[in-house]
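The file query.txt contains compact mmCIF, C-alpha atoms:
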# COMPACT_ATOMS: atom_id res chain seq x y z
CA MET F 25 74.07 123.25 86.69
CA ILE F 26 72.40 122.94 90.05
CA GLU F 27 72.25 126.12 92.07
CA VAL F 28 71.97 125.29 95.69
CA ASN F 29 71.28 127.96 98.22
CA ARG F 30 73.71 126.90 100.92
CA ALA F 31 72.37 129.39 103.44
CA VAL F 32 68.95 127.80 103.14
CA ALA F 33 70.33 124.31 103.04
CA SER F 34 72.38 124.64 106.19
CA ALA F 35 69.44 126.02 108.15
CA GLU F 36 68.18 123.57 110.70
CA THR F 37 65.43 121.33 109.39
CA PRO F 38 63.08 119.81 111.95
CA GLY F 39 63.33 116.33 110.49
CA ARG F 40 67.06 116.04 111.05
CA ARG F 41 67.95 118.04 114.10
CA GLY F 42 64.71 119.09 115.70
CA PRO F 43 62.66 117.38 118.39
CA LYS F 44 61.20 113.95 117.70
CA GLY F 45 57.49 113.87 117.07
CA PRO F 46 55.02 114.38 114.24
CA ARG F 47 57.00 117.27 112.70
CA GLY F 48 60.18 115.17 112.55
CA GLU F 49 58.34 112.19 111.14
CA VAL F 50 56.87 114.22 108.28
CA ALA F 51 60.27 115.70 107.41
CA ASP F 52 61.83 112.23 107.51
CA ARG F 53 59.13 110.87 105.21
CA ILE F 54 59.78 113.72 102.78
CA LEU F 55 63.55 113.12 102.90
CA SER F 56 63.14 109.43 102.34
CA ALA F 57 60.93 110.01 99.28
CA ALA F 58 63.33 112.68 98.01
CA ARG F 59 66.37 110.38 98.32
CA ALA F 60 64.60 107.66 96.37
CA SER F 61 63.71 110.12 93.61
CA PHE F 62 67.13 111.82 93.39
CA GLY F 63 68.75 108.37 93.29
CA ALA F 64 66.43 107.03 90.61
CA VAL F 65 66.00 109.98 88.24
CA GLY F 66 68.44 112.69 89.35
CA TYR F 67 67.91 116.30 90.37
CA ALA F 68 66.37 117.78 87.23
CA GLN F 69 63.67 115.11 86.90
CA THR F 70 62.66 115.23 90.56
CA THR F 71 59.56 117.32 91.30
CA LEU F 72 58.38 118.48 94.71
CA ARG F 73 54.90 117.34 93.71
CA ALA F 74 56.01 113.76 93.07
CA VAL F 75 58.07 113.69 96.26
CA ALA F 76 55.04 114.91 98.23
CA ALA F 77 52.86 112.26 96.60
CA THR F 78 55.32 109.48 97.53
CA ALA F 79 55.56 110.83 101.08
CA ASP F 80 51.75 111.10 101.13
CA ILE F 81 51.70 114.71 102.31
CA ASP F 82 50.61 118.09 100.99
CA PRO F 83 53.20 119.59 98.54
CA ALA F 84 53.16 122.84 100.54
CA LEU F 85 54.78 120.98 103.44
CA VAL F 86 57.87 120.21 101.34
CA THR F 87 58.39 123.93 100.84
CA TYR F 88 57.61 124.61 104.50
CA TYR F 89 60.25 122.15 105.72
CA PHE F 90 62.94 122.51 103.06
CA SER F 91 62.31 125.90 101.38
CA GLY F 92 62.33 124.37 97.90
CA LYS F 93 64.13 121.87 95.72
CA PRO F 94 67.71 123.08 96.40
CA GLY F 95 67.18 122.90 100.17
CA LEU F 96 65.60 119.47 99.85
CA PHE F 97 68.54 118.26 97.78
CA GLU F 98 71.11 119.53 100.28
CA ALA F 99 69.25 117.89 103.14
CA ALA F 100 68.94 114.61 101.23
CA LEU F 101 72.68 114.55 100.54
CA GLU F 102 73.71 115.17 104.12
CA PRO F 103 75.48 112.04 105.31
CA PRO F 104 74.06 110.68 108.55
CA GLU F 105 76.04 112.18 111.40
CA GLY F 106 76.70 108.81 113.02
CA LEU F 107 79.50 107.93 110.59
CA ARG F 108 81.72 110.88 111.37
CA ASP F 109 81.35 110.25 115.12
CA ARG F 110 82.11 106.56 114.79
CA VAL F 111 85.18 107.15 112.65
CA LYS F 112 86.36 109.84 115.08
CA SER F 113 86.03 107.43 117.95
CA ALA F 114 87.84 104.65 116.03
CA ALA F 115 90.58 107.15 115.19
CA SER F 116 91.30 107.60 118.88
CA ALA F 117 92.33 103.93 119.17
CA PRO F 118 96.11 103.37 119.40
CA LEU F 119 97.57 103.32 115.89
CA ARG F 120 98.41 99.59 116.00
CA GLU F 121 94.75 98.68 116.70
CA ARG F 122 93.18 101.32 114.52
CA GLY F 123 92.72 99.12 111.42
CA ARG F 124 90.37 96.81 113.25
CA ALA F 125 88.61 99.71 115.00
CA LEU F 126 88.02 101.53 111.70
CA ILE F 127 86.56 98.63 109.74
CA GLU F 128 84.37 97.68 112.70
CA ALA F 129 83.09 101.26 112.94
CA MET F 130 82.29 101.34 109.22
CA LEU F 131 80.52 97.99 109.29
CA ALA F 132 78.53 98.89 112.43
CA GLN F 133 77.34 102.04 110.69
CA TRP F 134 76.36 100.24 107.46
CA GLU F 135 74.54 97.46 109.31
CA ASP F 136 72.02 100.11 110.41
CA PRO F 137 69.33 99.82 107.69
CA ASP F 138 68.43 103.53 107.84
CA PHE F 139 72.03 104.51 107.27
CA ALA F 140 72.43 101.94 104.49
CA ALA F 141 69.35 103.29 102.69
CA ILE F 142 70.66 106.85 102.85
CA PHE F 143 74.05 105.79 101.64
CA ARG F 144 72.76 103.70 98.77
CA SER F 145 70.74 106.70 97.63
CA LEU F 146 73.81 108.94 97.87
CA ILE F 147 75.76 106.50 95.70
CA LEU F 148 72.99 106.26 93.11
CA THR F 149 72.50 110.04 93.08
CA ALA F 150 76.23 110.56 92.60
CA ALA F 151 75.91 108.74 89.29
CA HIS F 152 73.87 111.71 88.02
CA GLU F 153 74.85 114.69 90.17
CA PRO F 154 78.29 116.23 90.78
CA LEU F 155 77.21 117.68 94.12
CA ALA F 156 76.34 114.21 95.42
CA MET F 157 79.71 112.99 94.18
CA GLU F 158 81.39 115.77 96.13
CA ARG F 159 79.63 114.59 99.28
CA LEU F 160 80.82 111.03 98.72
CA ARG F 161 84.36 112.33 98.33
CA GLU F 162 84.07 114.21 101.61
CA VAL F 163 82.73 111.16 103.40
CA PHE F 164 85.26 108.68 102.09
CA THR F 165 88.43 110.71 102.10
CA GLY F 166 87.67 113.69 104.36
CA THR F 167 86.32 111.53 107.15
CA LEU F 168 89.08 108.95 106.83
CA LEU F 169 91.87 111.54 106.68
CA ALA F 170 91.10 112.28 110.32
CA ALA F 171 91.90 108.68 111.20
CA MET F 172 95.44 108.74 109.83
CA SER F 173 98.50 108.95 112.05
CA GLU F 174 99.35 112.50 113.11
CA THR F 175 103.04 111.83 112.52
CA LEU F 176 102.67 111.48 108.72
CA ASP F 177 103.24 114.36 106.35
CA GLY F 178 100.32 115.63 104.27
CA GLU F 179 101.07 113.72 101.10
CA GLU F 180 101.47 110.39 102.84
CA ARG F 181 98.34 110.96 104.93
CA ALA F 182 96.37 111.58 101.74
CA LEU F 183 97.83 108.48 100.07
CA ARG F 184 97.14 106.22 103.05
CA ALA F 185 93.63 107.61 103.52
CA SER F 186 92.96 106.94 99.85
CA LEU F 187 94.21 103.33 100.13
CA VAL F 188 92.01 102.77 103.19
CA SER F 189 89.04 104.23 101.36
CA SER F 190 89.66 101.97 98.33
CA GLN F 191 89.19 98.91 100.55
CA VAL F 192 86.28 100.37 102.51
CA ILE F 193 84.46 101.45 99.34
CA GLY F 194 84.92 97.96 97.88
CA VAL F 195 83.48 96.27 100.96
CA ALA F 196 80.56 98.70 101.08
CA MET F 197 79.77 98.24 97.35
CA ALA F 198 80.14 94.45 97.36
CA ARG F 199 78.22 93.87 100.60
CA TYR F 200 75.59 96.58 100.77
CA VAL F 201 75.03 97.95 97.27
CA TRP F 202 75.70 95.10 94.82
CA ARG F 203 75.28 92.32 97.43
CA VAL F 204 77.72 90.10 95.59
CA GLY F 205 79.81 87.14 96.71
CA ALA F 206 80.74 85.68 100.09
CA ILE F 207 81.28 89.15 101.51
CA ALA F 208 77.56 89.85 101.20
CA GLU F 209 76.72 86.71 103.23
CA LEU F 210 79.24 86.68 106.08
CA ASP F 211 78.69 88.07 109.57
CA ALA F 212 80.06 91.58 109.93
CA LYS F 213 82.49 90.38 112.62
CA ASP F 214 84.05 87.87 110.21
CA ILE F 215 84.45 90.53 107.55
CA ALA F 216 86.12 92.81 110.09
CA ARG F 217 88.56 90.01 110.93
CA TYR F 218 89.50 89.37 107.27
CA ILE F 219 89.72 93.03 106.26
CA ALA F 220 91.36 94.56 109.36
CA PRO F 221 94.97 93.55 108.45
CA THR F 222 94.56 95.29 105.08
CA ILE F 223 93.38 98.52 106.69
CA GLN F 224 96.16 98.25 109.26
CA ARG F 225 98.79 97.89 106.55
CA TYR F 226 97.47 100.98 104.75
CA LEU F 227 97.41 102.89 108.04
CA SER F 228 100.77 102.13 109.55
CA GLU F 229 102.92 99.56 107.74
CA PRO F 230 105.54 100.13 105.05
CA LEU F 231 103.91 100.50 101.63
CA MET H 3 60.57 92.32 84.37
CA ILE H 4 62.85 92.36 81.38
CA GLU H 5 62.42 89.47 79.02
CA VAL H 6 65.57 88.92 77.09
CA ASN H 7 65.69 86.59 74.16
CA ARG H 8 68.97 84.87 74.87
CA ALA H 9 69.01 83.04 71.57
CA VAL H 10 68.82 86.35 69.76
CA ALA H 11 71.22 88.04 72.13
CA SER H 12 73.93 85.43 71.79
CA ALA H 13 73.76 85.52 68.00
CA GLU H 14 76.80 87.14 66.49
CA THR H 15 76.44 90.86 66.04
CA PRO H 16 78.65 92.45 63.40
CA GLY H 17 79.70 95.31 65.67
CA ARG H 18 81.29 93.06 68.25
CA ARG H 19 82.58 89.97 66.52
CA GLY H 20 82.25 90.58 62.83
CA PRO H 21 84.72 92.06 60.40
CA LYS H 22 85.96 95.60 60.91
CA GLY H 23 84.56 98.17 58.55
CA PRO H 24 81.50 100.37 58.12
CA ARG H 25 79.11 97.68 59.44
CA GLY H 26 81.13 97.28 62.66
CA GLU H 27 81.42 101.01 63.14
CA VAL H 28 77.67 101.50 62.93
CA ALA H 29 77.01 98.70 65.42
CA ASP H 30 79.61 100.16 67.78
CA ARG H 31 78.02 103.60 67.55
CA ILE H 32 74.63 102.08 68.36
CA LEU H 33 76.08 100.16 71.31
CA SER H 34 77.82 103.22 72.65
CA ALA H 35 74.59 105.27 72.49
CA ALA H 36 72.64 102.38 74.04
CA ARG H 37 75.07 102.03 76.96
CA ALA H 38 74.81 105.74 77.71
CA SER H 39 71.02 105.55 77.69
CA PHE H 40 70.70 102.35 79.76
CA GLY H 41 73.16 103.82 82.27
CA ALA H 42 71.38 107.15 82.52
CA VAL H 43 67.69 106.21 82.46
CA GLY H 44 67.50 102.40 82.69
CA TYR H 45 65.93 99.82 80.40
CA ALA H 46 62.28 100.84 80.48
CA GLN H 47 62.94 104.49 79.61
CA THR H 48 65.34 103.70 76.77
CA THR H 49 63.81 103.84 73.30
CA LEU H 50 65.34 102.52 70.10
CA ARG H 51 64.37 105.80 68.46
CA ALA H 52 66.37 107.88 70.95
CA VAL H 53 69.35 105.51 70.72
CA ALA H 54 69.26 105.79 66.92
CA ALA H 55 69.10 109.59 67.16
CA THR H 56 72.13 109.70 69.48
CA ALA H 57 74.02 107.32 67.19
CA ASP H 58 72.91 109.43 64.22
CA ILE H 59 71.57 106.49 62.22
CA ASP H 60 68.21 105.24 60.92
CA PRO H 61 66.17 103.50 63.69
CA ALA H 62 65.65 100.51 61.38
CA LEU H 63 69.37 99.77 61.63
CA VAL H 64 69.09 99.20 65.38
CA THR H 65 66.58 96.45 64.73
CA TYR H 66 68.68 95.11 61.85
CA TYR H 67 71.79 94.79 64.01
CA PHE H 68 70.30 93.84 67.39
CA SER H 69 66.80 92.46 66.63
CA GLY H 70 65.16 94.81 69.13
CA LYS H 71 65.53 96.25 72.59
CA PRO H 72 66.23 92.98 74.47
CA GLY H 73 69.01 92.05 72.04
CA LEU H 74 70.47 95.54 72.25
CA PHE H 75 70.43 95.35 76.06
CA GLU H 76 72.19 91.97 76.11
CA ALA H 77 74.85 93.24 73.71
CA ALA H 78 75.34 96.44 75.73
CA LEU H 79 75.85 94.45 78.93
CA GLU H 80 78.38 92.07 77.48
CA PRO H 81 81.65 92.74 79.29
CA PRO H 82 84.55 93.39 76.94
CA GLU H 83 86.27 90.08 76.30
CA GLY H 84 89.71 91.46 77.10
CA LEU H 85 89.14 91.28 80.85
CA ARG H 86 88.50 87.56 81.01
CA ASP H 87 91.58 86.86 78.88
CA ARG H 88 93.81 89.11 80.97
CA VAL H 89 92.62 87.60 84.24
CA LYS H 90 93.10 84.10 82.81
CA SER H 91 96.64 84.95 81.85
CA ALA H 92 97.36 86.50 85.28
CA ALA H 93 95.91 83.37 86.89
CA SER H 94 98.59 81.27 85.21
CA ALA H 95 101.31 83.11 87.16
CA PRO H 96 102.80 81.11 90.06
CA LEU H 97 100.58 81.55 93.12
CA ARG H 98 103.16 83.62 95.04
CA GLU H 99 103.30 86.23 92.24
CA ARG H 100 99.64 86.13 91.31
CA GLY H 101 98.53 89.08 93.48
CA ARG H 102 100.72 91.48 91.55
CA ALA H 103 99.80 89.88 88.21
CA LEU H 104 96.08 90.16 88.93
CA ILE H 105 96.00 93.80 89.99
CA GLU H 106 98.24 94.73 87.04
CA ALA H 107 95.89 92.91 84.66
CA MET H 108 92.85 94.70 86.09
CA LEU H 109 94.50 98.12 85.93
CA ALA H 110 95.78 97.55 82.39
CA GLN H 111 92.25 96.71 81.31
CA TRP H 112 90.68 99.74 83.01
CA GLU H 113 93.29 102.13 81.63
CA ASP H 114 91.85 101.40 78.18
CA PRO H 115 89.30 104.23 77.78
CA ASP H 116 86.91 102.12 75.67
CA PHE H 117 86.81 99.45 78.33
CA ALA H 118 86.41 102.02 81.12
CA ALA H 119 83.44 103.61 79.32
CA ILE H 120 81.73 100.24 78.92
CA PHE H 121 82.35 99.37 82.51
CA ARG H 122 81.14 102.67 83.90
CA SER H 123 77.94 102.21 81.93
CA LEU H 124 77.53 98.66 83.29
CA ILE H 125 77.92 99.97 86.84
CA LEU H 126 75.41 102.78 86.29
CA THR H 127 72.96 100.43 84.57
CA ALA H 128 73.26 97.95 87.45
CA ALA H 129 71.81 100.64 89.72
CA HIS H 130 68.51 100.25 87.82
CA GLU H 131 68.55 96.77 86.29
CA PRO H 132 68.96 93.37 87.95
CA LEU H 133 70.29 91.80 84.75
CA ALA H 134 73.15 94.30 84.64
CA MET H 135 73.84 93.56 88.30
CA GLU H 136 74.04 89.86 87.45
CA ARG H 137 76.67 90.63 84.80
CA LEU H 138 78.72 92.60 87.30
CA ARG H 139 78.56 89.66 89.70
CA GLU H 140 79.78 87.32 86.97
CA VAL H 141 82.63 89.64 86.09
CA PHE H 142 83.83 90.32 89.61
CA THR H 143 83.40 86.96 91.25
CA GLY H 144 83.06 84.50 88.36
CA THR H 145 86.12 85.82 86.56
CA LEU H 146 88.16 86.07 89.75
CA LEU H 147 87.20 82.59 90.98
CA ALA H 148 89.27 81.21 88.11
CA ALA H 149 92.34 82.94 89.53
CA MET H 150 92.19 81.22 92.93
CA SER H 151 94.51 78.41 93.90
CA GLU H 152 93.36 75.00 92.66
CA THR H 153 94.26 73.44 96.00
CA LEU H 154 91.55 75.29 97.97
CA ASP H 155 88.14 73.78 98.65
CA GLY H 156 85.07 75.42 97.16
CA GLU H 157 84.05 77.47 100.16
CA GLU H 158 87.49 78.95 100.71
CA ARG H 159 87.90 79.69 97.00
CA ALA H 160 84.62 81.62 97.05
CA LEU H 161 85.64 83.51 100.20
CA ARG H 162 89.07 84.43 98.85
CA ALA H 163 87.67 85.44 95.45
CA SER H 164 85.17 87.67 97.24
CA LEU H 165 87.89 89.33 99.33
CA VAL H 166 89.96 89.95 96.18
CA SER H 167 86.94 91.41 94.45
CA SER H 168 86.21 93.72 97.42
CA GLN H 169 89.62 95.35 96.93
CA VAL H 170 89.45 95.40 93.14
CA ILE H 171 85.94 96.90 93.15
CA GLY H 172 87.09 99.60 95.56
CA VAL H 173 90.07 100.56 93.39
CA ALA H 174 87.90 100.60 90.27
CA MET H 175 85.20 102.75 91.89
CA ALA H 176 87.61 105.19 93.55
CA ARG H 177 89.90 105.59 90.53
CA TYR H 178 87.69 105.23 87.47
CA VAL H 179 84.10 105.90 88.50
CA TRP H 180 84.16 108.38 91.39
CA ARG H 181 87.69 109.63 90.64
CA VAL H 182 88.32 110.38 94.30
CA GLY H 183 91.51 110.77 96.33
CA ALA H 184 95.16 110.00 95.67
CA ILE H 185 94.24 106.70 94.03
CA ALA H 186 92.63 108.60 91.16
CA GLU H 187 95.84 110.57 90.53
CA LEU H 188 98.65 108.02 90.86
CA ASP H 189 100.28 106.10 88.02
CA ALA H 190 98.77 102.67 87.57
CA LYS H 191 102.14 101.08 88.33
CA ASP H 192 102.27 102.76 91.75
CA ILE H 193 98.75 101.60 92.56
CA ALA H 194 99.70 98.05 91.56
CA ARG H 195 102.65 98.23 93.95
CA TYR H 196 100.54 99.43 96.91
CA ILE H 197 97.62 97.09 96.31
CA ALA H 198 99.43 93.88 95.27
CA PRO H 199 100.29 92.73 98.84
CA THR H 200 96.60 92.98 99.77
CA ILE H 201 95.54 90.83 96.82
CA GLN H 202 98.34 88.39 97.58
CA ARG H 203 97.20 88.03 101.19
CA TYR H 204 93.64 87.31 100.07
CA LEU H 205 94.92 84.80 97.51
CA SER H 206 97.39 82.74 99.48
CA GLU H 207 98.14 83.91 103.00
CA PRO H 208 96.46 82.87 106.26
CA LEU H 209 93.26 84.88 106.79

With the file now loaded, output its structure as structure tokens.
Amino acid sequence: MIEVNRAVASAETPGRRGPKGPRGEVADRILSAARASFGAVGYAQTTLRAVAATADIDPALVTYYFSGKPGLFEAALEPPEGLRDRVKSAASAPLRERGRALIEAMLAQWEDPDFAAIFRSLILTAAHEPLAMERLREVFTGTLLAAMSETLDGEERALRASLVSSQVIGVAMARYVWRVGAIAELDAKDIARYIAPTIQRYLSEPL
Amino acid sequence: MIEVNRAVASAETPGRRGPKGPRGEVADRILSAARASFGAVGYAQTTLRAVAATADIDPALVTYYFSGKPGLFEAALEPPEGLRDRVKSAASAPLRERGRALIEAMLAQWEDPDFAAIFRSLILTAAHEPLAMERLREVFTGTLLAAMSETLDGEERALRASLVSSQVIGVAMARYVWRVGAIAELDAKDIARYIAPTIQRYLSEPL
């Protein structure tokens, strides 16, 4: 059982929200090392000392920036904010064009190597840690729920969001995590073209 | 680098192909413990001693049945044979009905808890081990390639198989591995109904 101090974790950490500069860089290096460790060995086996060594900084700085292991874990699991904004913006497209807008937004986000690294780590960490799994759930269904038509009732919104997420998860896994098949090789714009009609059907066509 | 003795690994192991009975049960218990360990901690951190302890048998039996760690790893990664057979049978359906046949075959296979456990372990192991990743690639694209229309040229077959696998992987991850959203709750027959038109489009409709 992982006890995470949410009050600590939701406090602003310089590396994520603070000003750019040396402080932010150090926090980012710590987070990057932490994500690699949580993804590879899970929460229990991760030590602040090892994370500090990978980040090449003094262990005291990990505590200074993240208050301790629970705070570091929360910060490492936080999905990059870009995704939510991109999906929100795609969700403002007219319903009949939203399929294309959504898959393009997802692909644009994943093509950013920093985002992809964070996401891969979240997926690997979720294999060990229920809290990471909860975050993935929030990202894939919570975020997508907001993109559904406002005219649907709750149950159908949840069903359609889940169908959309099943296709988006598959593209993300095949292209960015497993790197398997033609879908790992194609240009993102070609993938968007092939996948958009599927997303559109899940969004607005009869099921 | 994992050196796997393929000659040893492809030798028949009583637990998988041999007669049912006490010998098969022991081999299956070893395999089940091995899959859990490879999935959780990867190849390097897995010891025959720990696998034997989990399986509650003498460590010498692991060597007797699987020749050593490389042979045990190969056996643990072997996808259950049922999948290939089911996909082959679905692939013999007329092209216009093959989308439905394929997704039903995949779901039927995953609904078997033994298969699902093996597959989950393969997916977790693939996060650490390139050889496991290679097996996943074979399963998802190799197996599905055989279900494509014979009239397509090679490049289009590969593209369409990859699109099919992107949807199948997403359903498998969302329903059986992450257990997230409506798709984790629905009856398999409802999922087949919602997903079949997508598979059919990737199989035989204009892209």

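Using all atoms listed in the file, the shortest contact distance between Met130 in chain F and any of F:Leu107, F:Ala84, F:Met157, F:Ile54 is found at F:Leu107.
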
With chain H superposed on chain F over the full set of C-alpha atoms in order, the residual RMSD is 0.1 Å

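Straight-line separation from CA of Leu126 in chain H to CA of Val64 in chain H: 22.1 Å.
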
Could you state the separation of CA of Lys93 in chain F and CA of Val50 in chain F in Å, given to one decimal place? 16.4 Å

Considering only C-alpha atoms, tabulate each residue of chain H that lies at most 8 Å from chain F along with its nearest interatomic pair and the corresponding distance in Å to one decimal; arrange the rows by chain and ascending residue number and present them as JSON lines.
{"residue": "H:Ala42", "atom": "CA", "partner": "F:His152", "partner_atom": "CA", "distance": 7.6}
{"residue": "H:Val43", "atom": "CA", "partner": "F:Val65", "partner_atom": "CA", "distance": 7.1}
{"residue": "H:Leu126", "atom": "CA", "partner": "F:Ala151", "partner_atom": "CA", "distance": 6.7}
{"residue": "H:Ala129", "atom": "CA", "partner": "F:Leu148", "partner_atom": "CA", "distance": 6.7}
{"residue": "H:His130", "atom": "CA", "partner": "F:Ala64", "partner_atom": "CA", "distance": 7.6}
{"residue": "H:Met135", "atom": "CA", "partner": "F:Trp202", "partner_atom": "CA", "distance": 7.0}
{"residue": "H:Arg139", "atom": "CA", "partner": "F:Val204", "partner_atom": "CA", "distance": 6.0}
{"residue": "H:Thr143", "atom": "CA", "partner": "F:Gly205", "partner_atom": "CA", "distance": 6.5}
{"residue": "H:Ala160", "atom": "CA", "partner": "F:Ala206", "partner_atom": "CA", "distance": 6.4}
{"residue": "H:Leu161", "atom": "CA", "partner": "F:Ala206", "partner_atom": "CA", "distance": 5.4}
{"residue": "H:Ser164", "atom": "CA", "partner": "F:Gly205", "partner_atom": "CA", "distance": 5.4}
{"residue": "H:Leu165", "atom": "CA", "partner": "F:Ile207", "partner_atom": "CA", "distance": 7.0}
{"residue": "H:Ser167", "atom": "CA", "partner": "F:Gly194", "partner_atom": "CA", "distance": 7.7}
{"residue": "H:Ser168", "atom": "CA", "partner": "F:Gly194", "partner_atom": "CA", "distance": 4.5}
{"residue": "H:Gln169", "atom": "CA", "partner": "F:Gln191", "partner_atom": "CA", "distance": 5.1}
{"residue": "H:Val170", "atom": "CA", "partner": "F:Gly194", "partner_atom": "CA", "distance": 7.0}
{"residue": "H:Ile171", "atom": "CA", "partner": "F:Gly194", "partner_atom": "CA", "distance": 5.0}
{"residue": "H:Gly172", "atom": "CA", "partner": "F:Gly194", "partner_atom": "CA", "distance": 3.6}
{"residue": "H:Val173", "atom": "CA", "partner": "F:Ser190", "partner_atom": "CA", "distance": 5.2}
{"residue": "H:Met175", "atom": "CA", "partner": "F:Ile193", "partner_atom": "CA", "distance": 7.6}
{"residue": "H:Ala176", "atom": "CA", "partner": "F:Ser190", "partner_atom": "CA", "distance": 6.1}
{"residue": "H:Trp180", "atom": "CA", "partner": "F:Met157", "partner_atom": "CA", "distance": 7.0}
{"residue": "H:Val182", "atom": "CA", "partner": "F:Arg161", "partner_atom": "CA", "distance": 6.0}
{"residue": "H:Gly183", "atom": "CA", "partner": "F:Ser186", "partner_atom": "CA", "distance": 5.4}
{"residue": "H:Ala184", "atom": "CA", "partner": "F:Leu183", "partner_atom": "CA", "distance": 5.4}
{"residue": "H:Ile185", "atom": "CA", "partner": "F:Ser186", "partner_atom": "CA", "distance": 6.0}
{"residue": "H:Tyr196", "atom": "CA", "partner": "F:Leu231", "partner_atom": "CA", "distance": 5.9}
{"residue": "H:Thr200", "atom": "CA", "partner": "F:Thr222", "partner_atom": "CA", "distance": 6.1}
{"residue": "H:Leu209", "atom": "CA", "partner": "F:Tyr218", "partner_atom": "CA", "distance": 5.9}

Atomic separation - CA of Leu33 in chain H relative to CA of Phe68 in chain H, Å: 9.4 Å

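The list of residues with at least one atom within 12 Å of Thr70 in chain F, based on all atoms listed in the file and without residues fewer than 3 positions apart in the same chain, reads Ala57, Ala58, Arg59, Ala60, Ser61, Phe62, Gly63, Ala64, Val65, Gly66, Tyr67, Arg73, Ala74, Val75, Ala76, Ala77, Thr78, Gly92, Lys93, Pro94, Leu96, Phe97 and Thr149 of chain F.
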
Spatial neighbours of Phe139 in chain F, max dist 10 Å, only C-alpha atoms, sep filter under 6 positions, as number ranges by chain: F: 103-107, 133, 145

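If all atoms listed in the file are the atoms counted, then among F:Ala51, F:Ala129, F:Lys213, F:Gln69 the closest residue to Pro83 in chain F is F:Ala51.
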
When you count all atoms listed in the file, which of these residues is closest to Arg100 in chain H: H:Asp192, H:Glu27, H:Ala148, H:Ala46? H:Ala148

Grab range 193-197 of chain H from that structure and dump all heavy atoms to a file, as a short mmCIF file (atom, residue, chain, number, x, y, z; two decimals), in the first residue's frame.
data_model
loop_
_atom_site.label_atom_id
_atom_site.label_comp_id
_atom_site.auth_asym_id
_atom_site.auth_seq_id
_atom_site.Cartn_x
_atom_site.Cartn_y
_atom_site.Cartn_z
N ILE H 193 -19.05 -6.01 -27.16
CA ILE H 193 -17.81 -5.42 -27.67
C ILE H 193 -17.59 -5.85 -29.12
O ILE H 193 -17.26 -5.03 -29.98
CB ILE H 193 -16.61 -5.85 -26.80
CG1 ILE H 193 -16.79 -5.28 -25.40
CG2 ILE H 193 -15.31 -5.37 -27.42
CD1 ILE H 193 -15.73 -5.71 -24.45
N ALA H 194 -17.80 -7.13 -29.39
CA ALA H 194 -17.62 -7.63 -30.77
C ALA H 194 -18.51 -6.83 -31.73
O ALA H 194 -18.08 -6.45 -32.82
CB ALA H 194 -17.94 -9.11 -30.84
N ARG H 195 -19.73 -6.55 -31.30
CA ARG H 195 -20.66 -5.82 -32.16
C ARG H 195 -20.18 -4.39 -32.43
O ARG H 195 -20.24 -3.91 -33.56
CB ARG H 195 -22.04 -5.80 -31.46
CG ARG H 195 -23.19 -5.26 -32.26
CD ARG H 195 -24.54 -5.76 -31.71
NE ARG H 195 -24.68 -5.55 -30.27
CZ ARG H 195 -25.10 -4.40 -29.70
NH1 ARG H 195 -25.41 -3.37 -30.45
NH2 ARG H 195 -25.21 -4.29 -28.39
N TYR H 196 -19.67 -3.71 -31.39
CA TYR H 196 -19.22 -2.33 -31.59
C TYR H 196 -17.93 -2.25 -32.41
O TYR H 196 -17.71 -1.31 -33.16
CB TYR H 196 -18.97 -1.64 -30.23
CG TYR H 196 -20.21 -1.50 -29.36
CD1 TYR H 196 -20.18 -1.84 -28.02
CD2 TYR H 196 -21.39 -1.01 -29.91
CE1 TYR H 196 -21.31 -1.71 -27.22
CE2 TYR H 196 -22.53 -0.87 -29.11
CZ TYR H 196 -22.48 -1.23 -27.77
OH TYR H 196 -23.58 -1.10 -26.99
N ILE H 197 -17.06 -3.23 -32.19
CA ILE H 197 -15.71 -3.15 -32.78
C ILE H 197 -15.64 -3.75 -34.19
O ILE H 197 -14.82 -3.34 -35.01
CB ILE H 197 -14.68 -3.86 -31.85
CG1 ILE H 197 -14.65 -3.20 -30.45
CG2 ILE H 197 -13.29 -3.88 -32.45
CD1 ILE H 197 -14.03 -1.83 -30.39
#
